[in-house]
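Notes to accompany the following structure.
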Amino acid sequence: MEFPFDVDALFPERITVLDQHLRPPARRPGTATPARTDLQHQIMTVVDELGRASAKAQHLPSPITSASRMQSNRHVMYVLKDTSARPAVKGAIAGFLKVGYKKLFVLDDREAHNEVEPLCILDFYIHESLQRHGHGRELFQHMLQKERVEPHQLAIDRPSQKLLKFLNKHYSLETTVPQVNNFVIFEGFFAHQHPPARKLPPKRAEGDIKPYSSSDREFLKVAVEPPWPLNRAPRRTTPPAHPPPRSSSLGNSPERGPLRPFVPEQELLRSLRLCPPHPTARLLLATDSGGSPAQRRRTR
Ligand code: ACO
């Protein structure tokens, strides 16, 4: 991908790491230094262009990577320069890989919910003319080393078929642990989680729980679903007429019930009043009325 400015000077290294500040990397000695704001503007242009190209390659209705989304999230973007670009061209970009830590609820192989915060693969793109030449692997390897993670520790946000093949070929990632959200995890994920995965109570009846998954691709849905528990829909008995957009071949994408209107305020208040008090609240009430001063202090 070429740009109307000097990409070679903008990104002196083959791989540049960008965070939410989108800071221009240090330039080579002897290179003219344009104003910092100009450099940042150029970086924003590159990020926006890459995001658009990736969305197009994945047939997404809108980009999930942009300069403004980078600035408002703690994501990290690895940008790969195309060093084979014609000398007449002032450098070119081969592609990028975007990662970020996300808090997820994932199911283990016994279908128990685990609260984890793994590094997630959020967006990945190599220019069409350069695919299947090892550039994706080079970028991925660099990221693994920098982030100090093993491939099976990653969670992948709705991987494309190409990415699934890529992970299988280069990292032998094949067997997935089925999930009910958009993220795909592979066998070995739970064996090497650090910090340790936090176990949640055993899974409730299906349809009762909507594990939280802050997929970057959520916003691609046409309508916005209200948060749990307001989105609880009756269990579907017949398959959906239209599958969810770009469902993974592994059957891990959620089967979402039809979107429902918000619960009326009165009904919500009534259901909240019916909730039993939290055990800690119960303990506080009990100790406040009768416990010793020392006990009361500890409890507080
Ligand atoms: N069809 C099938 N498998 C493919 C394809 C393809 N068109 N392209 C790459 N692969 C897989 C294969 O396993 C391939 O090995 P093979 O050629 O021996 O079959 C391997 O990737 C090639 O490895 P690299 O050359 O290192 O990978 P590449 O530079 O092509 O980058 C990437 C891989 C990023 C997936 C690239 O193909 C791409 O940009 N695809 C389009 C966008 C996309 O699908 N991105 C992932 C979105 S999902 C997400 O980001 C969470």
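Residues are named by chain letter and number: chains run A, B, ... in the order of the structure tokens, numbers start at 1 in each chain, and ligands are numbered from 1 in the order shown.
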
Check which residues of chain A sit at most 8 Å from ligand 1 using only C-alpha atoms and all ligand atoms, and return one row each with the closest pair of atoms and their distance in Å to one decimal, ordered by chain and rising number, as CSV.
residue,atom,partner,partner_atom_place_in_ligand_line,distance
A:Ser54,CA,ligand 1,42 (C),5.9
A:Ala55,CA,ligand 1,42 (C),7.9
A:Ala57,CA,ligand 1,42 (C),5.1
A:Gln58,CA,ligand 1,42 (C),5.3
A:Gly95,CA,ligand 1,39 (O),7.4
A:Leu97,CA,ligand 1,50 (O),7.5
A:Lys98,CA,ligand 1,50 (O),7.7
A:Ile121,CA,ligand 1,51 (C),5.1
A:Leu122,CA,ligand 1,51 (C),4.6
A:Asp123,CA,ligand 1,50 (O),3.3
A:Phe124,CA,ligand 1,50 (O),4.0
A:Tyr125,CA,ligand 1,39 (O),3.5
A:Ile126,CA,ligand 1,39 (O),3.8
A:His127,CA,ligand 1,39 (O),6.1
A:Glu128,CA,ligand 1,39 (O),6.8
A:Leu130,CA,ligand 1,29 (O),6.4
A:Gln131,CA,ligand 1,30 (O),3.5
A:Arg132,CA,ligand 1,25 (O),3.1
A:His133,CA,ligand 1,25 (O),4.1
A:Gly134,CA,ligand 1,25 (O),3.4
A:His135,CA,ligand 1,29 (O),4.1
A:Gly136,CA,ligand 1,29 (O),3.4
A:Arg137,CA,ligand 1,26 (O),3.7
A:Glu138,CA,ligand 1,26 (O),6.6
A:Ile156,CA,ligand 1,51 (C),5.3
A:Asp157,CA,ligand 1,51 (C),4.6
A:Arg158,CA,ligand 1,51 (C),5.5
A:Pro159,CA,ligand 1,48 (S),3.8
A:Ser160,CA,ligand 1,48 (S),4.5
A:Gln161,CA,ligand 1,44 (O),6.7
A:Lys162,CA,ligand 1,3 (N),4.3
A:Leu163,CA,ligand 1,35 (C),4.2
A:Leu164,CA,ligand 1,11 (C),7.5
A:Lys165,CA,ligand 1,13 (O),4.1
A:Phe166,CA,ligand 1,21 (O),3.6
A:Leu167,CA,ligand 1,13 (O),7.0
A:Asn168,CA,ligand 1,13 (O),6.8
A:Lys169,CA,ligand 1,13 (O),5.0
A:His170,CA,ligand 1,23 (O),7.3

Measuring atom to atom with only C-alpha atoms, identify which of A:Met70, A:Cys120, A:Val79, A:Ala35 is nearest to Ile15 in chain A.
->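 Of all the options, A:Val79 lies closest to Ile15 in chain A.
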
Leaving out range 6-14 of chain A and any residue of its chain fewer than 2 positions from it, which residues lie within 7 Å of it when counting only C-alpha atoms, given as number ranges by chain?
-> A: 3, 16, 25, 27-28, 80-81, 90-92

In Å and to one decimal, CA of Leu39 in chain A is distant from CA of Pro63 in chain A by 22.5 Å
